[in-house]
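So the structure is just underneath, and the comments pick up after that.
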Amino acid sequence: MMTEPMESPQLAVVVTGEIALSPVDLEAMAQAAEAAELERIGKLRALLIRLCAKRDQAICAKRDIECAMANSLRLYYGMSRLMEATKAQPVSGGVDSERTLKPGLLRARTDRWEARIVDMLSANPWELEPEPGTTQQQADGMKATIVDQLSLCRSERGMRRMAQDAARLGTGLMMGPLNKNVTRRHYMPPDPMTGTPGRMVSENRVLPGLMDADPWMFYPDPVDKAERAEFAFYAHIMSPLEVRMLGDGFDQTQIAELLNTEPDLGELATNIARRNGIFNRGELTTGKYAIWRYTGTLERDDLEVLGLCGCEESDKDMPPIAMADIWFSQDFVLRSKLSEVPDDTRIPYYVFAPFARDDSMFGVSLPELGEGSQRAAEAAWTSALHNQSVSSGPIFLWRSGKIKFSDGQANIRGPKMLEVTDNDKPLNDCFAVETIPNVTEQALNIFDRALANMDEELNTSMWASPDGAGEAPTASGMAMILNAKSILQVRVACSADDEVITPSIERMVWWNCENNPDDSIKGNFIVRPSVQSQRLVKDVQVQQSQSFASMVLADPAMRARVDEGKILRTLADLVDAPVSEWILPDEEYQAKMEQQAQQPNPAMADAEYKMARAETERVKAEVEKLKAQRELAQSQQPTGDNSEAMANYQLKVRELEQNEQDMQLRLRIAQMREESTRLIAAVRSEENRIKASELAQDRREARNARLTETGMKIERDAQEMALKRQSGSGI
């Protein structure tokens with residue numbers, strides 16, 4: 001008996017070139033795929049667990065920095081520092097300590113520094129220098145492209161926010177380049193050929209942008225420089241609606257699963273609670289999600305789990321190969337991709353900390369730098385106000401039961417009737433008045449010294465005060481002042497050049513070389529920041545030139561040795577405006593001065609005469625007043641034999657007569673001065689008329705002489721030409 005062969009589970013039938021697998025094989029493949037997916041999900045969860053652990057470590061490491069930042073804001077707003085955020089502040093005696101009158105010295109100086117930093121960083125303080133093989137035209141085209149991209153992404157607004165945070169918190173933050181969808185609207189004029197009317201047209205473009213970031217939500221690798229950090233976390237606190245509105249590139253399935261879970265801020269909630277405790281305020285975070293953005297290098301296995309690695313199998317043991325950009329929240333990965341700039345292992349954050357802390361990329365704020373002087377000024381100010389209050393009037397003391405107030409109130413706010421009920425004791429034993437000495441002036445002297453110390457610590461008086469050069473007019477003193485003026489400004493400029501301008505613009509160049517379709521601008525360039533090299537140098541040059549000019553022009557001996565016109569033009573060239581075009585040439589200036597000297601100033605002469613006339617009238621009124629007093633005194637001559645009264649009367653009359661004679665003499669002098677003023681004005685007018693006539697005559701003679709010389713030259717040339725024609729030479 002023949003038996004049919006049994007089907008093998010590995011049996012495959014070839015039909016029209018395709019392999020048809022059996023159901024068993026299909027089930028095995030499905031199980032293998034499911035197992036691979038479960039393995040991938042497990043690896044992904046393990047990756048998220050490692051990232052969350054690393055994030056929580058960074059959050060804990062930054063708590064001291066955030067405490068210092070919060071205290072900086074308290075100092076900026078005139079509040080006192082809190083050493084421990086969770087400690088309740090005692091209030092004794094019902095005194096509202098936060099409403100005590102305090103001078104806002106730190107806030108004014110911090111705002112001044114903020115404006116100064118914004119001015120130093122404005123107007124794209126950088127240039128592109130082409131490397132060999134790249135032309136200057138390409139460099140100019142690349143710079144124009146980047147400037148246009150930064151303008152469209154409103155990066156200048158981010159720079160201003162960065163300057164504000166750097167001044168108030170000690171640390172400003174920028175991030176990028178980030179792919180940003182920019183909608184640009186422009187007007188398209190009507191087309192008469194097609195009859196299309198004019199309309200507004202919207203154009204969507206993907207551009208690299210530099211944006212400001214919140215230093216409170218930035219948790220980097222705790223190293224001393226941002227360029228050395230291997231990773232950074234940045235938190236976005238979002239409501240469910242904001243999470244749902246996340247745009248292209250985000251996994252909507254993961255977002256939906258996230259929204260089905262309860263929000264959990266984790267360690268971030270502790271930091272926010274500590275910050276709220278320092279400010280004594282509440283920040284509503286209930287029902288909001290922390291969307292974390294991780295930027296850092298990852299191993300090959302992690303990149304494969306995220307689907308970001310296209311490496312060959314032979315490169316299995318290679319070290320971290322790429323900078324990944326992962327957005328996640330709780331247990332869900334919302335988006336993952338590689339860095340915007342390929343082969344770049346620097347985090348896309350630029351930390352601006354002009355006054356850096358030791359071993360930290362975060363900086364010390366200006367309120368912290370001037371805190372000691374602020375506290376001294378507050379103490380002196382409080383002392384002055386208190387002493388002025390208690391010493392403004394006497395302090396009344398009385399024995400209990402010995403004094404009765406007529407209105408039953410012990411407060412004395414003006415004239416008041418008091419009744420002494422104990423007649424057996426003297427008044428001094430029942431009632432006393434004490435006065436506290438006023439030492440407000442000494443307290444204000446201390447306040448002024450604290451204010452000067454603060455200006456020296458913050459360097460504000462050196463560059464913001466227009467009279468800094470007047471303190472030391474010598475050359476060595478001026479050099480010391482000019483050096484001091486630029487100390488902190490140099491630190492600000494160098495920090496901006498090294499930590500913000502150079503790395504950010506380099507990555508803008510790399511982004512355009514990688515993604516911009518315009519090949520004519522691509523090449524190799526060197527970024528040359530100019531905050532320190534040009535802007536600050538120019539500002540210091542302006543300060544030095546102004547100080548030198550003030551010192552020289554104030555000394556008559558030195559003023560005689562300089563050309564004032566050249567000094568004026570040099571100062572005008574240093575101004576970012578066409579001021580030099582407003583200055584008259586030397587010839588026009590001399591002619592203008594001569595013309596002003598020729599023409600009398602009737603208004604000035606009339607003013608001088610009126611002043612002399614007014615003085616004469618005033619003295620005349622004084623004479624009449626003294627005369628009336630003398631006549632009144634003579635009419636009150638005493639009668640009788642009172643020799644003492646008669647002697648006083650005669651003495652008073654003689655004194656009045658003497659005063660009247662003095663005033664008569666002063667009246668004659670005033671009248672003579674009035675007449676001389678009138679005569680001098682007439683003489684000056686006549687002299688100016690004569691000078692004007694002589695100058696006009698000289699100009700007519702000079703013009704006639706030039707015309708005569710020109711005519712003689714023309715006649716001589718004509719005769720010479722006629723002679724040459726006759727002799728046949730020179731033609």
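For the structure tokens, the naming scheme is as follows: chains receive sequential letters (A, B, ...) according to their order of presentation, residues are indexed from 1 within each chain, and ligands are indexed from 1 in presentation order.
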Query raised in the report: If you run DSSP on this backbone, which residues of range 97-339 of chain A come out as helix (DSSP H, G or I), and could you give them as a ChimeraX atom specification?
Result: /A:97-99,105-121,136-152,155-168,215-217,226-228,240-244,252-259,267-279,300-306,313-315
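Contact shell of Lys62 in chain A at 8 Å (only C-alpha atoms; same-chain neighbours under 3 positions omitted): Ala58, Ile59, Ile65, Glu66, Tyr219 and Pro222 of chain A.
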If you take only C-alpha atoms and a cut-off of 8 Å, which residues of range 247-319 of chain A touch range 341-360 of chain A, and what are their nearest atom pairs and distances in Å to one decimal, in chain and number order, as a Markdown table?
```
| residue | atom | partner | partner_atom | distance |
| --- | --- | --- | --- | --- |
| A:Thr295 | CA | A:Ile347 | CA | 6.3 |
| A:Gly296 | CA | A:Ile347 | CA | 6.6 |
| A:Thr297 | CA | A:Thr345 | CA | 6.8 |
```
Query - Spatial neighbours of range 304-307 of chain A, 12 Å, only C-alpha atoms, chain gap at least 4 places, as a PyMOL selection string - result: chain A and resi 36-48+298-300+311-313+316+321-322+324-327+333-338
Please produce an output containing N, CA, C and O atoms for each residue in the selection, written as a short mmCIF file (atom, residue, chain, number, x, y, z; two decimals), in the first residue's frame.
```
data_model
loop_
_atom_site.label_atom_id
_atom_site.label_comp_id
_atom_site.auth_asym_id
_atom_site.auth_seq_id
_atom_site.Cartn_x
_atom_site.Cartn_y
_atom_site.Cartn_z
N ALA A 36 10.47 40.85 18.44
CA ALA A 36 11.42 41.93 18.14
C ALA A 36 10.86 43.29 18.57
O ALA A 36 11.58 44.14 19.11
N GLU A 37 9.54 43.47 18.34
CA GLU A 37 8.92 44.74 18.74
C GLU A 37 8.91 44.88 20.26
O GLU A 37 9.16 45.96 20.80
N LEU A 38 8.59 43.73 20.96
CA LEU A 38 8.61 43.78 22.42
C LEU A 38 10.02 44.06 22.93
O LEU A 38 10.21 44.81 23.90
N GLU A 39 11.01 43.49 22.26
CA GLU A 39 12.40 43.76 22.65
C GLU A 39 12.75 45.23 22.42
O GLU A 39 13.41 45.86 23.24
N ARG A 40 12.27 45.77 21.28
CA ARG A 40 12.54 47.18 21.00
C ARG A 40 11.86 48.09 22.02
O ARG A 40 12.44 49.06 22.50
N ILE A 41 10.60 47.75 22.38
CA ILE A 41 9.89 48.55 23.38
C ILE A 41 10.60 48.47 24.73
O ILE A 41 10.73 49.46 25.45
N GLY A 42 11.10 47.27 25.05
CA GLY A 42 11.85 47.13 26.28
C GLY A 42 13.12 47.97 26.28
O GLY A 42 13.45 48.62 27.28
N LYS A 43 13.84 47.94 25.17
CA LYS A 43 15.04 48.77 25.06
C LYS A 43 14.69 50.26 25.12
O LYS A 43 15.42 51.07 25.70
N LEU A 44 13.54 50.60 24.49
CA LEU A 44 13.11 52.01 24.52
C LEU A 44 12.77 52.45 25.94
O LEU A 44 13.12 53.56 26.37
N ARG A 45 12.07 51.56 26.69
CA ARG A 45 11.77 51.88 28.08
C ARG A 45 13.05 52.01 28.90
O ARG A 45 13.18 52.90 29.75
N ALA A 46 14.00 51.13 28.65
CA ALA A 46 15.28 51.21 29.36
C ALA A 46 16.00 52.52 29.03
O ALA A 46 16.60 53.15 29.92
N LEU A 47 15.91 52.93 27.76
CA LEU A 47 16.52 54.21 27.38
C LEU A 47 15.85 55.36 28.10
O LEU A 47 16.52 56.27 28.61
N LEU A 48 14.51 55.34 28.17
CA LEU A 48 13.80 56.41 28.86
C LEU A 48 14.12 56.42 30.35
O LEU A 48 14.24 57.50 30.96
N LEU A 298 24.31 59.69 21.75
CA LEU A 298 23.78 58.38 22.10
C LEU A 298 24.62 57.29 21.45
O LEU A 298 25.23 57.50 20.38
N GLU A 299 24.63 56.12 22.09
CA GLU A 299 25.31 54.96 21.53
C GLU A 299 24.54 54.45 20.31
O GLU A 299 23.38 54.76 20.10
N ARG A 300 25.24 53.60 19.58
CA ARG A 300 24.64 53.04 18.36
C ARG A 300 23.37 52.26 18.68
O ARG A 300 22.36 52.37 17.98
N CYS A 311 23.84 52.63 10.23
CA CYS A 311 25.22 52.17 10.17
C CYS A 311 25.29 50.71 9.72
O CYS A 311 24.33 49.96 9.82
N GLU A 312 26.45 50.31 9.26
CA GLU A 312 26.69 48.94 8.87
C GLU A 312 26.93 48.08 10.11
O GLU A 312 27.29 48.56 11.17
N GLU A 313 26.76 46.79 9.94
CA GLU A 313 26.91 45.87 11.05
C GLU A 313 28.35 45.83 11.54
O GLU A 313 28.63 45.57 12.71
N LYS A 316 29.55 47.95 14.77
CA LYS A 316 28.75 47.67 15.96
C LYS A 316 29.39 48.25 17.22
O LYS A 316 28.71 48.72 18.13
N ILE A 321 28.03 58.24 18.09
CA ILE A 321 28.28 58.72 16.73
C ILE A 321 27.48 59.95 16.37
O ILE A 321 27.77 60.57 15.35
N ALA A 322 26.45 60.30 17.12
CA ALA A 322 25.59 61.39 16.66
C ALA A 322 24.94 62.07 17.85
O ALA A 322 24.81 61.51 18.93
N ALA A 324 21.60 63.27 19.22
CA ALA A 324 20.18 62.98 19.03
C ALA A 324 19.34 64.07 19.67
O ALA A 324 19.75 64.71 20.64
N ASP A 325 18.16 64.28 19.12
CA ASP A 325 17.21 65.26 19.62
C ASP A 325 15.91 64.51 19.91
O ASP A 325 15.19 64.11 18.98
N ILE A 326 15.61 64.28 21.20
CA ILE A 326 14.48 63.45 21.60
C ILE A 326 13.52 64.28 22.44
O ILE A 326 13.93 64.95 23.39
N TRP A 327 12.25 64.24 22.08
CA TRP A 327 11.19 64.86 22.86
C TRP A 327 10.40 63.74 23.54
O TRP A 327 9.89 62.84 22.86
N VAL A 333 7.84 58.53 24.06
CA VAL A 333 8.71 59.28 23.16
C VAL A 333 7.83 59.94 22.11
O VAL A 333 7.18 59.26 21.31
N LEU A 334 7.81 61.26 22.11
CA LEU A 334 6.92 61.99 21.20
C LEU A 334 7.57 62.29 19.86
O LEU A 334 6.89 62.37 18.84
N ARG A 335 8.88 62.44 19.85
CA ARG A 335 9.59 62.68 18.59
C ARG A 335 11.07 62.39 18.80
O ARG A 335 11.60 62.67 19.88
N SER A 336 11.71 61.88 17.79
CA SER A 336 13.16 61.64 17.86
C SER A 336 13.76 61.86 16.48
O SER A 336 13.18 61.44 15.47
N LYS A 337 14.87 62.52 16.47
CA LYS A 337 15.58 62.77 15.21
C LYS A 337 17.02 63.12 15.55
O LYS A 337 17.38 63.32 16.72
N LEU A 338 17.84 63.19 14.51
CA LEU A 338 19.22 63.60 14.70
C LEU A 338 19.30 65.11 14.76
O LEU A 338 18.34 65.83 14.45
#
```
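You will find CA of Val500 in chain A at 13.6 Å from CA of Phe362 in chain A.
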Tell me, which residues of range 149-382 of chain A carry DSSP strand (DSSP E), written as a tab-separated table (two decimals) with N, CA and C atoms, in the first residue's frame?
```tsv
chain	number	residue	atom	x	y	z
A	172	GLY	N	21.96	84.29	30.66
A	172	GLY	CA	21.05	84.37	29.53
A	172	GLY	C	21.22	83.14	28.66
A	173	LEU	N	20.20	82.80	27.89
A	173	LEU	CA	20.22	81.54	27.15
A	173	LEU	C	19.59	81.72	25.77
A	174	MET	N	20.30	81.21	24.77
A	174	MET	CA	19.79	81.13	23.40
A	174	MET	C	19.89	79.68	22.94
A	175	MET	N	19.02	79.30	22.01
A	175	MET	CA	19.09	77.94	21.47
A	175	MET	C	18.85	77.98	19.96
A	176	GLY	N	19.47	77.01	19.27
A	176	GLY	CA	19.32	76.92	17.84
A	176	GLY	C	20.61	76.42	17.19
A	177	PRO	N	20.65	76.34	15.86
A	177	PRO	CA	19.53	76.66	14.97
A	177	PRO	C	18.46	75.58	14.99
A	178	LEU	N	17.21	76.04	15.03
A	178	LEU	CA	16.05	75.17	15.02
A	178	LEU	C	15.27	75.38	13.72
A	179	ASN	N	14.83	74.29	13.13
A	179	ASN	CA	13.98	74.41	11.95
A	179	ASN	C	12.65	75.06	12.35
A	180	LYS	N	12.38	76.19	11.77
A	180	LYS	CA	11.19	76.95	12.14
A	180	LYS	C	10.38	77.27	10.90
A	181	ASN	N	9.11	76.95	10.95
A	181	ASN	CA	8.21	77.29	9.84
A	181	ASN	C	7.82	78.75	9.95
A	182	VAL	N	8.22	79.53	8.98
A	182	VAL	CA	7.97	80.97	8.98
A	182	VAL	C	7.03	81.29	7.84
A	183	THR	N	5.94	81.97	8.16
A	183	THR	CA	4.99	82.42	7.15
A	183	THR	C	5.27	83.88	6.84
A	184	ARG	N	5.66	84.12	5.62
A	184	ARG	CA	6.00	85.49	5.21
A	184	ARG	C	4.92	85.98	4.25
A	185	ARG	N	4.32	87.09	4.61
A	185	ARG	CA	3.25	87.68	3.80
A	185	ARG	C	3.78	88.91	3.07
A	186	HIS	N	3.53	88.96	1.78
A	186	HIS	CA	3.95	90.12	1.00
A	186	HIS	C	2.87	90.44	-0.04
A	187	TYR	N	2.91	91.66	-0.48
A	187	TYR	CA	1.90	92.15	-1.42
A	187	TYR	C	2.38	91.91	-2.85
A	188	MET	N	1.51	91.31	-3.65
A	188	MET	CA	1.80	91.10	-5.07
A	188	MET	C	0.99	92.11	-5.88
A	199	ARG	N	-2.96	91.51	-4.52
A	199	ARG	CA	-3.40	90.71	-3.38
A	199	ARG	C	-2.21	90.41	-2.47
A	200	MET	N	-2.55	89.96	-1.26
A	200	MET	CA	-1.54	89.50	-0.32
A	200	MET	C	-1.29	88.02	-0.53
A	201	VAL	N	-0.02	87.63	-0.55
A	201	VAL	CA	0.37	86.25	-0.79
A	201	VAL	C	1.18	85.77	0.40
A	202	SER	N	0.87	84.56	0.89
A	202	SER	CA	1.58	83.96	2.02
A	202	SER	C	2.56	82.92	1.49
A	203	GLU	N	3.76	82.95	2.05
A	203	GLU	CA	4.81	82.03	1.63
A	203	GLU	C	5.37	81.34	2.88
A	204	ASN	N	5.32	80.03	2.91
A	204	ASN	CA	5.82	79.24	4.04
A	204	ASN	C	7.24	78.78	3.72
A	205	ARG	N	8.13	79.05	4.66
A	205	ARG	CA	9.53	78.68	4.49
A	205	ARG	C	10.04	78.03	5.77
A	206	VAL	N	10.93	77.06	5.63
A	206	VAL	CA	11.60	76.44	6.76
A	206	VAL	C	12.97	77.08	6.90
A	207	LEU	N	13.18	77.77	8.01
A	207	LEU	CA	14.40	78.52	8.22
A	207	LEU	C	15.06	78.10	9.53
A	208	PRO	N	16.37	78.26	9.62
A	208	PRO	CA	17.03	78.04	10.90
A	208	PRO	C	16.88	79.29	11.76
A	209	GLY	N	16.51	79.11	12.99
A	209	GLY	CA	16.29	80.27	13.85
A	209	GLY	C	17.02	80.13	15.17
A	210	LEU	N	17.47	81.26	15.69
A	210	LEU	CA	18.01	81.35	17.04
A	210	LEU	C	16.93	81.96	17.92
A	211	MET	N	16.59	81.28	18.99
A	211	MET	CA	15.50	81.71	19.86
A	211	MET	C	16.01	81.84	21.28
A	212	ASP	N	15.34	82.71	22.04
A	212	ASP	CA	15.66	82.81	23.45
A	212	ASP	C	15.06	81.61	24.19
A	218	PHE	N	16.25	74.98	31.91
A	218	PHE	CA	17.44	74.43	31.25
A	218	PHE	C	18.25	73.64	32.28
A	219	TYR	N	18.45	72.34	31.98
A	219	TYR	CA	19.17	71.46	32.91
A	219	TYR	C	20.26	70.72	32.13
A	220	PRO	N	21.45	71.30	32.08
A	220	PRO	CA	22.52	70.71	31.28
A	220	PRO	C	23.41	69.78	32.10
A	231	PHE	N	25.25	66.59	27.21
A	231	PHE	CA	23.80	66.51	27.06
A	231	PHE	C	23.17	67.73	27.72
A	232	ALA	N	21.90	67.93	27.43
A	232	ALA	CA	21.12	69.00	28.06
A	232	ALA	C	19.65	68.63	27.96
A	233	PHE	N	18.92	68.94	29.02
A	233	PHE	CA	17.47	68.76	29.06
A	233	PHE	C	16.81	70.14	29.12
A	234	TYR	N	15.72	70.26	28.41
A	234	TYR	CA	14.97	71.52	28.43
A	234	TYR	C	13.50	71.17	28.58
A	235	ALA	N	12.82	71.79	29.53
A	235	ALA	CA	11.44	71.47	29.85
A	235	ALA	C	10.49	72.50	29.26
A	236	HIS	N	9.41	72.01	28.67
A	236	HIS	CA	8.30	72.84	28.21
A	236	HIS	C	7.07	72.46	29.03
A	237	ILE	N	6.57	73.38	29.85
A	237	ILE	CA	5.37	73.13	30.63
A	237	ILE	C	4.16	73.43	29.74
A	238	MET	N	3.38	72.41	29.43
A	238	MET	CA	2.28	72.56	28.48
A	238	MET	C	0.98	72.05	29.07
A	289	TYR	N	1.64	69.13	31.71
A	289	TYR	CA	2.64	68.12	31.42
A	289	TYR	C	4.00	68.78	31.24
A	290	ALA	N	5.02	68.06	31.64
A	290	ALA	CA	6.39	68.48	31.37
A	290	ALA	C	6.88	67.75	30.12
A	291	ILE	N	6.98	68.47	29.02
A	291	ILE	CA	7.48	67.90	27.77
A	291	ILE	C	8.98	68.19	27.73
A	292	TRP	N	9.76	67.13	27.79
A	292	TRP	CA	11.21	67.27	27.88
A	292	TRP	C	11.85	67.12	26.51
A	293	ARG	N	12.83	67.98	26.27
A	293	ARG	CA	13.64	67.84	25.06
A	293	ARG	C	15.06	67.49	25.48
A	294	TYR	N	15.49	66.32	25.07
A	294	TYR	CA	16.85	65.87	25.38
A	294	TYR	C	17.70	66.03	24.13
A	295	THR	N	18.84	66.65	24.29
A	295	THR	CA	19.81	66.78	23.21
A	295	THR	C	21.15	66.29	23.73
A	296	GLY	N	21.66	65.22	23.13
A	296	GLY	CA	22.92	64.66	23.59
A	296	GLY	C	23.35	63.50	22.72
A	297	THR	N	24.58	63.06	22.92
A	297	THR	CA	25.12	61.94	22.14
A	297	THR	C	24.57	60.63	22.67
A	298	LEU	N	24.31	59.69	21.75
A	298	LEU	CA	23.78	58.38	22.10
A	298	LEU	C	24.62	57.29	21.45
A	322	ALA	N	26.45	60.30	17.12
A	322	ALA	CA	25.59	61.39	16.66
A	322	ALA	C	24.94	62.07	17.85
A	323	MET	N	24.56	63.29	17.61
A	323	MET	CA	23.79	64.07	18.58
A	323	MET	C	22.31	63.87	18.28
A	324	ALA	N	21.60	63.27	19.22
A	324	ALA	CA	20.18	62.98	19.03
A	324	ALA	C	19.34	64.07	19.67
A	325	ASP	N	18.16	64.28	19.12
A	325	ASP	CA	17.21	65.26	19.62
A	325	ASP	C	15.91	64.51	19.91
A	326	ILE	N	15.61	64.28	21.20
A	326	ILE	CA	14.48	63.45	21.60
A	326	ILE	C	13.52	64.28	22.44
A	327	TRP	N	12.25	64.24	22.08
A	327	TRP	CA	11.19	64.86	22.86
A	327	TRP	C	10.40	63.74	23.54
A	328	PHE	N	10.30	63.79	24.85
A	328	PHE	CA	9.60	62.74	25.56
A	328	PHE	C	8.89	63.33	26.78
A	329	SER	N	7.96	62.56	27.30
A	329	SER	CA	7.25	62.96	28.51
A	329	SER	C	6.80	61.69	29.21
A	332	PHE	N	6.69	58.16	27.35
A	332	PHE	CA	6.34	58.21	25.93
A	332	PHE	C	7.35	59.08	25.18
A	333	VAL	N	7.84	58.53	24.06
A	333	VAL	CA	8.71	59.28	23.16
A	333	VAL	C	7.83	59.94	22.11
A	334	LEU	N	7.81	61.26	22.11
A	334	LEU	CA	6.92	61.99	21.20
A	334	LEU	C	7.57	62.29	19.86
A	335	ARG	N	8.88	62.44	19.85
A	335	ARG	CA	9.59	62.68	18.59
A	335	ARG	C	11.07	62.39	18.80
A	336	SER	N	11.71	61.88	17.79
A	336	SER	CA	13.16	61.64	17.86
A	336	SER	C	13.76	61.86	16.48
A	337	LYS	N	14.87	62.52	16.47
A	337	LYS	CA	15.58	62.77	15.21
A	337	LYS	C	17.02	63.12	15.55
A	338	LEU	N	17.84	63.19	14.51
A	338	LEU	CA	19.22	63.60	14.70
A	338	LEU	C	19.30	65.11	14.76
A	349	TYR	N	22.63	74.94	22.68
A	349	TYR	CA	22.31	75.99	23.64
A	349	TYR	C	23.55	76.85	23.85
A	350	TYR	N	23.33	78.15	23.97
A	350	TYR	CA	24.43	79.10	24.10
A	350	TYR	C	24.20	79.90	25.37
A	351	VAL	N	25.05	79.66	26.35
A	351	VAL	CA	24.89	80.23	27.68
A	351	VAL	C	25.70	81.52	27.76
A	352	PHE	N	25.02	82.60	28.05
A	352	PHE	CA	25.64	83.92	28.15
A	352	PHE	C	25.72	84.29	29.62
```
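Picture a line from CA of Arg491 in chain A to CA of Ser504 in chain A; it runs 18.9 Å.
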Query raised in the report: Interatomic distance between CA of Gln138 in chain A and CA of Gly523 in chain A?
Result: 7.1 Å
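Proximity of A:Arg154, A:His386, A:Lys691, A:Arg413 to Asn438 in chain A, computed with only C-alpha atoms, is greatest for A:His386.
If only C-alpha atoms are the atoms counted, then among A:Val364, A:Ala377, A:Ile255, A:Met646 the closest residue to Asn453 in chain A is A:Ala377.
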